[in-house]
file entry_3.tsv (TSV, C-alpha atoms and all ligand atoms)
chain	number	residue	atom	x	y	z
A	20	MET	CA	113.32	99.10	115.14
A	21	ARG	CA	110.92	101.98	115.59
A	22	ALA	CA	111.26	101.72	119.38
A	23	LEU	CA	115.00	102.38	119.05
A	24	LEU	CA	114.67	105.66	117.12
A	25	PRO	CA	115.96	108.67	119.09
A	26	SER	CA	113.71	111.74	119.20
A	27	ASN	CA	116.21	114.41	118.12
A	28	ARG	CA	118.54	112.71	115.66
A	29	PRO	CA	118.84	109.71	113.32
A	30	LEU	CA	119.51	106.25	114.70
A	31	LEU	CA	123.24	105.57	114.27
A	32	ILE	CA	124.18	102.14	113.01
A	33	LEU	CA	127.53	100.50	112.33
A	34	ALA	CA	127.53	98.92	108.86
A	35	PRO	CA	128.49	95.27	108.59
A	36	MET	CA	131.88	94.84	106.87
A	37	GLN	CA	133.31	91.36	106.48
A	38	ASP	CA	136.71	91.00	108.23
A	39	ILE	CA	136.66	94.67	109.24
A	40	THR	CA	133.80	95.40	111.65
A	41	ASP	CA	134.70	92.34	113.68
A	42	LEU	CA	134.78	91.83	117.44
A	43	ALA	CA	138.18	93.55	117.75
A	44	PHE	CA	136.82	96.59	115.94
A	45	TRP	CA	133.63	96.59	118.03
A	46	ARG	CA	135.80	96.62	121.18
A	47	VAL	CA	137.74	99.62	119.93
A	48	LEU	CA	134.64	101.46	118.75
A	49	SER	CA	132.88	100.99	122.08
A	50	ARG	CA	135.64	103.10	123.71
A	51	TYR	CA	134.64	106.03	121.49
A	52	GLY	CA	130.94	105.89	122.32
A	53	GLY	CA	130.10	103.67	119.35
A	54	PRO	CA	126.86	103.53	117.35
A	55	ASP	CA	123.35	102.91	118.70
A	56	VAL	CA	123.12	99.55	116.91
A	57	TYR	CA	125.70	97.06	115.64
A	58	TYR	CA	125.15	94.81	112.60
A	59	THR	CA	127.29	91.68	112.56
A	60	GLU	CA	129.42	90.60	109.61
A	61	TYR	CA	127.31	88.25	107.55
A	62	PHE	CA	126.72	84.63	108.49
A	63	ARG	CA	127.16	82.62	105.28
A	64	VAL	CA	124.09	80.41	104.96
A	65	HIS	CA	123.80	77.33	102.74
A	66	ARG	CA	122.89	73.66	103.06
A	67	ASP	CA	126.07	72.67	104.95
A	68	SER	CA	126.64	75.90	106.86
A	69	HIS	CA	127.17	76.26	110.60
A	70	PRO	CA	126.99	79.79	112.03
A	71	GLU	CA	130.55	81.14	112.14
A	72	LYS	CA	131.95	80.86	115.67
A	73	TYR	CA	133.89	84.13	115.48
A	74	ILE	CA	130.71	86.06	114.65
A	75	LEU	CA	128.78	84.30	117.43
A	76	LYS	CA	131.58	85.39	119.78
A	77	SER	CA	130.98	89.04	118.90
A	78	ILE	CA	127.31	88.55	119.83
A	79	GLU	CA	128.21	86.85	123.12
A	80	GLU	CA	130.73	89.50	124.13
A	81	ASN	CA	128.78	92.51	122.81
A	82	PRO	CA	131.41	94.98	124.00
A	83	GLY	CA	129.26	98.06	123.34
A	84	ASN	CA	126.31	96.50	125.19
A	85	LYS	CA	124.02	97.88	122.48
A	86	PRO	CA	121.39	96.13	120.32
A	87	ILE	CA	122.86	93.74	117.76
A	88	ILE	CA	121.32	92.72	114.45
A	89	ALA	CA	122.71	89.45	113.07
A	90	GLN	CA	123.05	89.47	109.31
A	91	MET	CA	122.61	86.41	107.07
A	92	ILE	CA	123.59	86.01	103.43
A	93	GLY	CA	122.28	83.14	101.33
A	94	GLN	CA	119.37	82.05	99.17
A	95	ASP	CA	118.49	78.53	100.32
A	96	ILE	CA	115.25	79.07	102.23
A	97	ASP	CA	115.40	75.99	104.49
A	98	SER	CA	118.93	76.92	105.52
A	99	LEU	CA	117.98	80.55	106.13
A	100	VAL	CA	115.09	79.38	108.33
A	101	ARG	CA	117.32	76.93	110.22
A	102	THR	CA	119.94	79.63	110.82
A	103	ALA	CA	117.39	82.28	111.79
A	104	LEU	CA	115.87	79.91	114.37
A	105	PHE	CA	119.35	79.22	115.77
A	106	LEU	CA	120.36	82.89	115.86
A	107	GLN	CA	117.20	84.15	117.47
A	108	LYS	CA	117.99	82.14	120.59
A	109	ARG	CA	121.13	84.31	120.98
A	110	LYS	CA	121.29	87.76	122.59
A	111	ILE	CA	120.30	89.72	119.52
A	112	THR	CA	117.61	92.26	118.71
A	113	GLY	CA	116.98	91.14	115.18
A	114	ILE	CA	117.96	89.38	112.00
A	115	ASP	CA	118.88	91.01	108.69
A	116	ILE	CA	118.98	89.65	105.17
A	117	ASN	CA	121.79	90.84	102.90
A	118	LEU	CA	120.58	91.85	99.42
A	119	GLY	CA	123.60	93.92	98.51
A	120	CYS	CA	126.93	92.09	98.49
A	121	PRO	CA	128.40	92.72	95.01
A	122	ALA	CA	131.20	90.11	95.14
A	123	PRO	CA	130.98	88.11	91.88
A	124	ILE	CA	131.37	84.79	93.72
A	125	VAL	CA	128.37	85.66	95.93
A	126	CYS	CA	126.23	87.02	93.06
A	127	ARG	CA	126.91	83.96	90.89
A	128	LYS	CA	125.33	81.86	93.65
A	129	GLU	CA	122.29	84.17	93.51
A	130	ALA	CA	122.92	85.39	97.05
A	131	GLY	CA	123.54	88.93	98.37
A	132	GLY	CA	123.21	91.47	95.55
A	133	GLY	CA	122.70	88.58	93.11
A	134	LEU	CA	119.21	88.09	94.56
A	135	LEU	CA	118.15	91.47	93.17
A	136	ARG	CA	117.96	89.77	89.74
A	137	HIS	CA	115.37	87.35	91.19
A	138	PRO	CA	112.59	89.37	92.83
A	139	GLU	CA	110.29	86.33	93.01
A	140	LYS	CA	112.94	84.57	95.14
A	141	ILE	CA	113.29	87.60	97.40
A	142	ASP	CA	109.51	87.57	97.80
A	143	GLU	CA	109.60	83.95	98.95
A	144	ILE	CA	112.54	84.48	101.28
A	145	LEU	CA	110.95	87.50	102.95
A	146	ARG	CA	107.60	85.75	103.33
A	147	ILE	CA	108.99	82.55	104.85
A	148	VAL	CA	111.87	83.89	106.92
A	149	ARG	CA	109.72	86.74	108.28
A	150	SER	CA	107.13	84.19	109.39
A	151	VAL	CA	109.65	82.37	111.63
A	152	VAL	CA	111.51	85.38	113.02
A	153	SER	CA	109.91	86.59	116.23
A	154	LEU	CA	112.53	89.33	116.74
A	155	GLN	CA	113.04	92.40	114.55
A	156	PHE	CA	113.43	91.44	110.91
A	157	THR	CA	115.30	93.82	108.62
A	158	VAL	CA	116.61	93.97	105.06
A	159	LYS	CA	119.76	95.64	103.71
A	160	THR	CA	119.59	96.26	99.99
A	161	ARG	CA	121.21	98.04	97.08
A	162	ILE	CA	118.95	99.92	94.66
A	163	GLY	CA	119.08	97.43	91.80
A	164	PHE	CA	121.42	95.02	90.09
A	165	ASP	CA	122.11	96.72	86.74
A	166	SER	CA	120.12	99.92	86.95
A	167	LEU	CA	118.34	102.13	89.43
A	168	ASP	CA	115.22	101.78	87.27
A	169	GLU	CA	114.75	98.47	89.09
A	170	PHE	CA	114.27	100.18	92.45
A	171	PRO	CA	110.56	101.16	92.28
A	172	ALA	CA	109.56	97.53	91.69
A	173	LEU	CA	111.89	96.37	94.47
A	174	LEU	CA	110.28	98.87	96.84
A	175	ASP	CA	106.83	97.56	95.89
A	176	LEU	CA	108.07	94.11	96.79
A	177	PHE	CA	109.54	95.19	100.15
A	178	ARG	CA	106.33	97.07	100.98
A	179	ARG	CA	104.36	93.83	100.73
A	180	HIS	CA	106.22	92.35	103.72
A	181	PRO	CA	106.06	93.36	107.38
A	182	ILE	CA	109.77	94.12	107.73
A	183	ASP	CA	110.92	96.26	110.66
A	184	ALA	CA	113.54	98.38	108.84
A	185	LEU	CA	115.05	98.74	105.40
A	186	THR	CA	118.65	99.85	104.96
A	187	VAL	CA	119.31	101.26	101.49
A	188	HIS	CA	122.86	101.44	100.17
A	189	GLY	CA	122.26	103.97	97.37
A	190	ARG	CA	124.18	102.21	94.62
A	191	THR	CA	123.39	99.38	92.22
A	192	VAL	CA	125.37	96.14	92.42
A	193	ARG	CA	127.12	97.05	89.14
A	194	GLU	CA	128.21	100.35	90.63
A	195	MET	CA	130.14	98.52	93.37
A	196	TYR	CA	131.64	101.47	95.34
A	197	LYS	CA	131.72	104.12	92.56
A	198	PRO	CA	131.72	107.73	93.78
A	199	VAL	CA	128.07	108.63	93.24
A	200	VAL	CA	125.44	107.54	95.75
A	201	HIS	CA	121.81	107.92	94.57
A	202	TYR	CA	120.38	109.62	97.62
A	203	ASP	CA	117.21	110.42	95.67
A	204	ALA	CA	116.48	106.68	95.59
A	205	ILE	CA	116.91	106.50	99.37
A	206	ALA	CA	114.52	109.48	99.67
A	207	ARG	CA	111.97	107.55	97.61
A	208	ALA	CA	112.31	104.59	99.98
A	209	SER	CA	111.81	106.86	103.01
A	210	ARG	CA	108.64	108.29	101.46
A	211	LEU	CA	107.10	104.99	100.45
A	212	MET	CA	108.13	102.42	103.04
A	213	PRO	CA	105.89	101.95	106.08
A	214	CYS	CA	108.94	101.00	108.20
A	215	PRO	CA	112.01	103.08	109.18
A	216	VAL	CA	114.56	103.50	106.37
A	217	PHE	CA	118.29	103.76	107.09
A	218	ALA	CA	120.46	105.62	104.59
A	219	ASN	CA	123.80	104.06	103.72
A	220	GLY	CA	126.67	105.19	101.54
A	221	ASP	CA	129.46	107.70	102.07
A	222	VAL	CA	128.44	109.18	105.41
A	223	ARG	CA	131.85	110.68	106.16
A	224	CYS	CA	131.46	113.42	108.77
A	225	VAL	CA	128.90	115.43	110.74
A	226	ASP	CA	128.15	117.67	107.76
A	227	THR	CA	127.56	114.85	105.28
A	228	ALA	CA	125.43	113.09	107.91
A	229	ARG	CA	123.26	116.19	108.29
A	230	ARG	CA	122.92	116.70	104.52
A	231	ILE	CA	122.09	113.04	103.87
A	232	VAL	CA	119.32	113.09	106.48
A	233	GLU	CA	117.97	116.31	104.94
A	234	ILE	CA	118.06	114.93	101.39
A	235	THR	CA	116.72	111.45	102.16
A	236	GLY	CA	114.43	111.95	105.15
A	237	ALA	CA	115.91	108.70	106.51
A	238	HIS	CA	115.26	107.64	110.12
A	239	GLY	CA	118.77	106.32	110.54
A	240	LEU	CA	122.28	106.43	109.16
A	241	MET	CA	124.30	103.28	108.63
A	242	ILE	CA	128.01	104.09	108.53
A	243	GLY	CA	130.85	101.79	107.43
A	244	ARG	CA	134.04	103.23	106.00
A	245	GLY	CA	133.43	106.62	107.61
A	246	ALA	CA	133.51	104.95	111.04
A	247	ILE	CA	136.71	103.02	110.31
A	248	ARG	CA	138.38	106.27	109.35
A	249	ASN	CA	136.82	108.29	112.15
A	250	PRO	CA	135.60	106.21	115.12
A	251	TRP	CA	134.49	109.46	116.81
A	252	ILE	CA	131.85	110.03	114.11
A	253	PHE	CA	128.91	108.62	116.10
A	254	GLN	CA	129.77	110.73	119.14
A	255	GLN	CA	130.22	113.81	116.92
A	256	ILE	CA	126.78	113.32	115.30
A	257	ARG	CA	125.19	112.97	118.75
A	258	GLU	CA	126.94	116.13	119.93
A	259	ALA	CA	125.81	118.02	116.81
A	260	ALA	CA	122.21	117.03	117.56
A	261	ASP	CA	122.65	118.41	121.09
A	262	GLY	CA	123.92	121.71	119.67
A	263	GLU	CA	127.72	121.64	119.49
A	264	VAL	CA	130.43	119.26	118.27
A	265	ARG	CA	133.02	119.16	121.05
A	266	THR	CA	134.96	116.09	119.95
A	267	ARG	CA	137.66	117.28	117.55
A	268	PRO	CA	140.24	114.51	117.19
A	269	THR	CA	143.79	115.28	116.09
A	270	LEU	CA	146.38	113.28	114.19
A	271	ARG	CA	147.81	112.28	117.57
A	272	ASP	CA	144.41	110.89	118.60
A	273	LEU	CA	144.35	108.95	115.34
A	274	ARG	CA	147.75	107.44	116.23
A	275	GLU	CA	146.28	106.30	119.56
A	276	TYR	CA	143.28	104.75	117.79
A	277	ILE	CA	145.61	102.77	115.49
A	278	GLU	CA	147.49	101.55	118.57
A	279	LEU	CA	144.18	100.36	120.08
A	280	LEU	CA	143.34	98.50	116.87
A	281	TYR	CA	146.71	96.82	117.11
A	282	GLN	CA	146.20	95.84	120.77
A	283	GLU	CA	142.69	94.49	120.18
A	284	THR	CA	143.66	92.43	117.12
A	285	ARG	CA	146.59	90.76	118.91
A	286	GLU	CA	146.02	87.06	119.23
A	287	PRO	CA	148.25	84.35	120.58
A	288	GLY	CA	150.13	82.72	117.72
A	289	PHE	CA	149.22	85.49	115.24
A	290	ARG	CA	152.25	85.73	112.91
A	291	GLU	CA	153.66	89.22	112.39
A	292	THR	CA	153.03	89.22	108.63
A	293	ALA	CA	149.38	88.26	109.21
A	294	HIS	CA	149.04	90.98	111.84
A	295	VAL	CA	150.57	93.57	109.51
A	296	GLY	CA	148.11	92.42	106.83
A	297	LYS	CA	145.19	92.80	109.24
A	298	MET	CA	146.31	96.31	110.25
A	299	LYS	CA	146.67	97.29	106.61
A	300	LYS	CA	143.03	96.30	106.04
A	301	TYR	CA	141.92	98.93	108.57
A	302	LEU	CA	144.57	101.42	107.50
A	303	GLY	CA	143.37	101.20	103.89
A	304	PHE	CA	140.31	103.12	105.13
A	305	ILE	CA	142.19	105.37	107.56
A	306	ALA	CA	145.41	106.46	105.87
A	307	PRO	CA	144.47	107.78	102.40
A	308	GLY	CA	144.47	111.57	102.17
A	309	ILE	CA	146.97	112.06	105.01
A	310	GLY	CA	150.34	113.62	104.11
A	311	VAL	CA	151.36	115.19	100.85
A	312	ASP	CA	150.21	113.14	97.88
A	313	ASP	CA	148.91	110.28	100.06
A	314	ALA	CA	152.38	109.84	101.61
A	315	PHE	CA	151.14	108.10	104.77
A	316	TRP	CA	149.15	105.43	102.90
A	317	LYS	CA	151.97	104.86	100.39
A	318	GLU	CA	154.39	104.17	103.24
A	319	ILE	CA	151.93	101.93	105.09
A	320	ARG	CA	151.26	99.93	101.93
A	321	ALA	CA	154.96	99.15	101.56
A	322	THR	CA	155.56	98.04	105.18
A	323	LEU	CA	156.25	94.41	106.02
A	324	THR	CA	156.83	94.66	109.77
A	325	LEU	CA	154.95	96.12	112.72
A	326	ALA	CA	158.01	98.23	113.59
A	327	ASP	CA	157.93	99.88	110.14
A	328	LEU	CA	154.17	100.30	110.31
A	329	PHE	CA	154.34	102.16	113.63
A	330	SER	CA	157.33	104.27	112.59
A	331	ALA	CA	155.25	105.44	109.58
A	332	CYS	CA	152.47	106.27	112.09
A	333	ASP	CA	154.96	108.20	114.25
A	334	ARG	CA	156.23	110.19	111.28
A	335	HIS	CA	152.78	111.20	110.02
A	336	LEU	CA	150.61	111.32	113.13
A	337	ALA	CA	152.66	113.23	115.69
A	338	ALA	CA	150.98	116.63	115.38
A	339	ASN	CA	148.02	118.10	117.19
A	340	ASP	CA	146.49	119.10	113.84
A	341	PRO	CA	142.96	117.93	113.03
A	342	PHE	CA	143.01	115.09	110.56
A	343	PRO	CA	141.48	115.86	107.16
A	344	PRO	CA	138.03	114.48	106.28
A	345	VAL	CA	137.74	112.25	103.23
A	346	PRO	CA	136.11	114.22	100.38
A	347	ALA	CA	132.36	113.69	100.40
A	348	CYS	CA	130.38	112.09	97.60
A	349	PRO	CA	129.70	114.72	94.88
A	350	ALA	CA	125.93	114.27	95.38
A	351	VAL	CA	125.99	115.63	98.97
B	1	LIG	C1	135.38	95.41	102.96
B	1	LIG	C2	133.88	95.52	102.98
B	1	LIG	C3	133.12	94.49	103.54
B	1	LIG	C4	131.72	94.56	103.55
B	1	LIG	N1	131.00	93.54	104.13
B	1	LIG	C5	129.64	93.63	104.18
B	1	LIG	C6	128.84	92.65	104.85
B	1	LIG	O1	129.33	91.68	105.45
B	1	LIG	N2	127.48	92.81	104.82
B	1	LIG	C7	126.87	93.89	104.21
B	1	LIG	O2	125.64	94.01	104.20
B	1	LIG	N3	127.60	94.84	103.60
B	1	LIG	C8	128.96	94.75	103.58
B	1	LIG	N4	129.69	95.77	103.03
B	1	LIG	C9	128.99	97.00	102.57
B	1	LIG	C10	128.88	98.02	103.73
B	1	LIG	O3	128.07	97.53	104.78
B	1	LIG	C11	128.27	99.35	103.24
B	1	LIG	O4	127.02	99.07	102.66
B	1	LIG	C12	129.16	100.05	102.21
B	1	LIG	O5	130.52	100.04	102.62
B	1	LIG	C13	128.70	101.50	101.99
B	1	LIG	O6	128.69	102.21	103.21
B	1	LIG	P1	129.89	103.21	103.65
B	1	LIG	O7	130.08	104.20	102.52
B	1	LIG	O8	129.42	103.84	104.91
B	1	LIG	O9	131.11	102.37	103.83
B	1	LIG	C14	131.07	95.70	102.99
B	1	LIG	C15	131.85	96.73	102.44
B	1	LIG	C16	133.22	96.66	102.42
B	1	LIG	C17	134.02	97.82	101.82
call {"tool": "encode", "arguments": {"input": "entry_3.tsv", "output": "structure tokens", "more": "lines below"}}
Ligand SMILES: Cc1cc2nc3c(=O)[nH]c(=O)nc-3n(C[C@H](O)[C@H](O)[C@H](O)COP(=O)(O)O)c2cc1C
result
Amino acid sequence: MRALLPSNRPLLILAPMQDITDLAFWRVLSRYGGPDVYYTEYFRVHRDSHPEKYILKSIEENPGNKPIIAQMIGQDIDSLVRTALFLQKRKITGIDINLGCPAPIVCRKEAGGGLLRHPEKIDEILRIVRSVVSLQFTVKTRIGFDSLDEFPALLDLFRRHPIDALTVHGRTVREMYKPVVHYDAIARASRLMPCPVFANGDVRCVDTARRIVEITGAHGLMIGRGAIRNPWIFQQIREAADGEVRTRPTLRDLREYIELLYQETREPGFRETAHVGKMKKYLGFIAPGIGVDDAFWKEIRATLTLADLFSACDRHLAANDPFPPVPACPAV
């Protein structure tokens, strides 16, 4: 990943988000400049798994024409090896292992964040999967399962393997998505890891991006929810690095973005209720904080039809006012 690092700013990476940062979203994001690197949603890997066709399609189409890292989640080593060998024949730059998913059903199977309770298993996975991956090989981790006291030992473990980048989501598995991100832990990773470290967690705007790079010394920023809310964020961070943020989207621009999401998620035979549900998934990250007392999100949540959804958009997103940033994490 080192070869991808820009000279004057952090590498900008789209976080993987199951059912959210899908091909439709990638298509929309590419119209706004997009990140430098895309991570796929995770491929679920187990004894009977076949790589999900819809994720393979996002690799084939690669609408942003940027490097793609394919992410795998699982703990069965033979299956991870089989899937890595399959994926590395596709047009990707690298393969990532998910050590962060906090979903109880995933953790119970000792995959994702659940693996953080089994460092000896992580050690084996990294040793064996690394040995078969000829492309870039990266890891995305949280900072512990129960407590951030686990992180120093995890870092010692990661340091023993020739991985090409480590993304650190600065929360434990138990903390799920609680407000505080432990940027000091990410800073520790940046200091100690021989490979580039990417900071993840609550990068919301140009200012938080700048502060997080200052605090953590990270080589890259991985952005998830901040990019769903503000697809201009990558372009704005690039502009800031060049001296001046010129892209200043308004509520009207946000309305246009929601329309694009609608167009790109249209599929033949997609029932209206399902399409409304899909749009609400994105809007759950976009709408909060807009209107008095969250009025926009409250209306969106109650809609059942596309007509109602867009009339709520028309009521709340007609002005040329800038749209408000989501409050930053208290630690920034
Ligand atoms: C709905 C949702 C789905 C997610 N899916 C994945 C995933 O497939 N793989 C992964 O590594 N992380 C996943 N994450 C975690 C994000 O990649 C990211 O680490 C987290 O949202 C924090 O970053 P952010 O504050 O920029 O959103 C998911 C998060 C959310 C909210």
call {"tool": "closest_atom_pairs", "arguments": {"input": "entry_3.tsv", "of": "chain A", "to": "ligand LIG 1 (chain B)", "cutoff": "6 Å", "atoms": "all atoms listed in the file", "output": "tab-separated table"}}
result
residue	atom	partner	partner_atom	distance
A:Ala34	CA	B:LIG1	O3	4.3
A:Pro35	CA	B:LIG1	O3	4.4
A:Met36	CA	B:LIG1	N1	3.2
A:Gln37	CA	B:LIG1	N1	4.0
A:Glu60	CA	B:LIG1	O1	4.3
A:Tyr61	CA	B:LIG1	O1	4.5
A:Asn117	CA	B:LIG1	O2	5.2
A:Cys120	CA	B:LIG1	N3	5.8
A:His188	CA	B:LIG1	O4	5.4
A:Asn219	CA	B:LIG1	O6	5.3
A:Gly220	CA	B:LIG1	O7	3.7
A:Asp221	CA	B:LIG1	O7	3.6
A:Val222	CA	B:LIG1	O8	5.5
A:Ile242	CA	B:LIG1	O8	3.9
A:Gly243	CA	B:LIG1	O8	3.5
A:Arg244	CA	B:LIG1	O9	3.7
A:Gly245	CA	B:LIG1	O8	5.6
call {"tool": "residues_around", "arguments": {"input": "entry_3.tsv", "residues": "Phe329 (chain A)", "least_positions_apart": "4", "cutoff": "10 Å", "atoms": "all atoms listed in the file", "output": "NGL selection string"}}
result
:A and (274 or 277-278 or 281 or 319 or 322 or 324-325 or 333-336)
call {"tool": "closest_residue", "arguments": {"input": "entry_3.tsv", "among": "A:Gly163, A:Pro213, A:Gly83, A:Pro343", "to": "Pro138 (chain A)", "atoms": "all atoms listed in the file"}}
result
A:Gly163
call {"tool": "atom_distance", "arguments": {"input": "entry_3.tsv", "atom1": "CA of Arg46 (chain A)", "atom2": "CA of Ile88 (chain A)"}}
result
16.4 Å
call {"tool": "axis_aligned_box", "arguments": {"input": "entry_3.tsv", "around": "region 270-275 of chain A", "padding_each_side": "4 Å", "output": "JSON"}}
result
{"center_x": 146.1, "center_y": 109.8, "center_z": 116.9, "size_x": 11.5, "size_y": 15.0, "size_z": 13.4}
call {"tool": "closest_residue", "arguments": {"input": "entry_3.tsv", "among": "A:Pro70, A:Arg248, A:Phe342, A:Arg271", "to": "Phe304 (chain A)", "atoms": "all atoms listed in the file"}}
result
A:Arg248
call {"tool": "residues_around", "arguments": {"input": "entry_3.tsv", "residues": "Pro29 (chain A)", "least_positions_apart": "4", "cutoff": "10 Å", "atoms": "only C-alpha atoms", "output": "PyMOL selection string"}}
result
chain A and resi 24-25+55+217-218+228-229+232+236-241+256-257+260
call {"tool": "atom_distance", "arguments": {"input": "entry_3.tsv", "atom1": "CA of Trp45 (chain A)", "atom2": "CA of Arg223 (chain A)"}}
result
18.5 Å
call {"tool": "atom_distance", "arguments": {"input": "entry_3.tsv", "atom1": "CA of Asn249 (chain A)", "atom2": "CA of Val225 (chain A)"}}
result
10.8 Å
call {"tool": "closest_residue", "arguments": {"input": "entry_3.tsv", "among": "A:Lys297, A:Lys159, A:Arg136, A:Arg290", "to": "Leu185 (chain A)", "atoms": "all atoms listed in the file"}}
result
A:Lys159
call {"tool": "residues_near_point", "arguments": {"input": "entry_3.tsv", "point": "(123.3, 104.7, 114.6)", "cutoff": "6 Å", "atoms": "all atoms listed in the file", "output": "VMD selection string"}}
result
chain A and resid 30 to 32 54 to 56 240
call {"tool": "closest_residue", "arguments": {"input": "entry_3.tsv", "among": "A:Ala122, A:Val351, A:Lys299, A:Arg193", "to": "Ala321 (chain A)", "atoms": "only C-alpha atoms"}}
result
A:Lys299
call {"tool": "closest_residue", "arguments": {"input": "entry_3.tsv", "among": "A:Leu211, A:Ile205, A:Val125, A:Val345", "to": "Gln94 (chain A)", "atoms": "all atoms listed in the file"}}
result
A:Val125
call {"tool": "residues_around", "arguments": {"input": "entry_3.tsv", "residues": "Arg146 (chain A)", "least_positions_apart": "6", "cutoff": "10 Å", "atoms": "only C-alpha atoms", "output": "list in words"}}
result
Lys140, Arg179, His180, Pro181 and Ile182 of chain A
call {"tool": "residues_around", "arguments": {"input": "entry_3.tsv", "residues": "Asp340 (chain A)", "least_positions_apart": "6", "cutoff": "12 Å", "atoms": "only C-alpha atoms", "output": "list in words"}}
result
Arg267, Pro268, Thr269, Leu270, Arg271, Asp272, Leu273, Arg274, Ile309 and Gly310 of chain A
call {"tool": "closest_residue", "arguments": {"input": "entry_3.tsv", "among": "A:Ile116, A:Leu302, A:Val216, A:Leu176", "to": "Gly189 (chain A)", "atoms": "all atoms listed in the file"}}
result
A:Val216
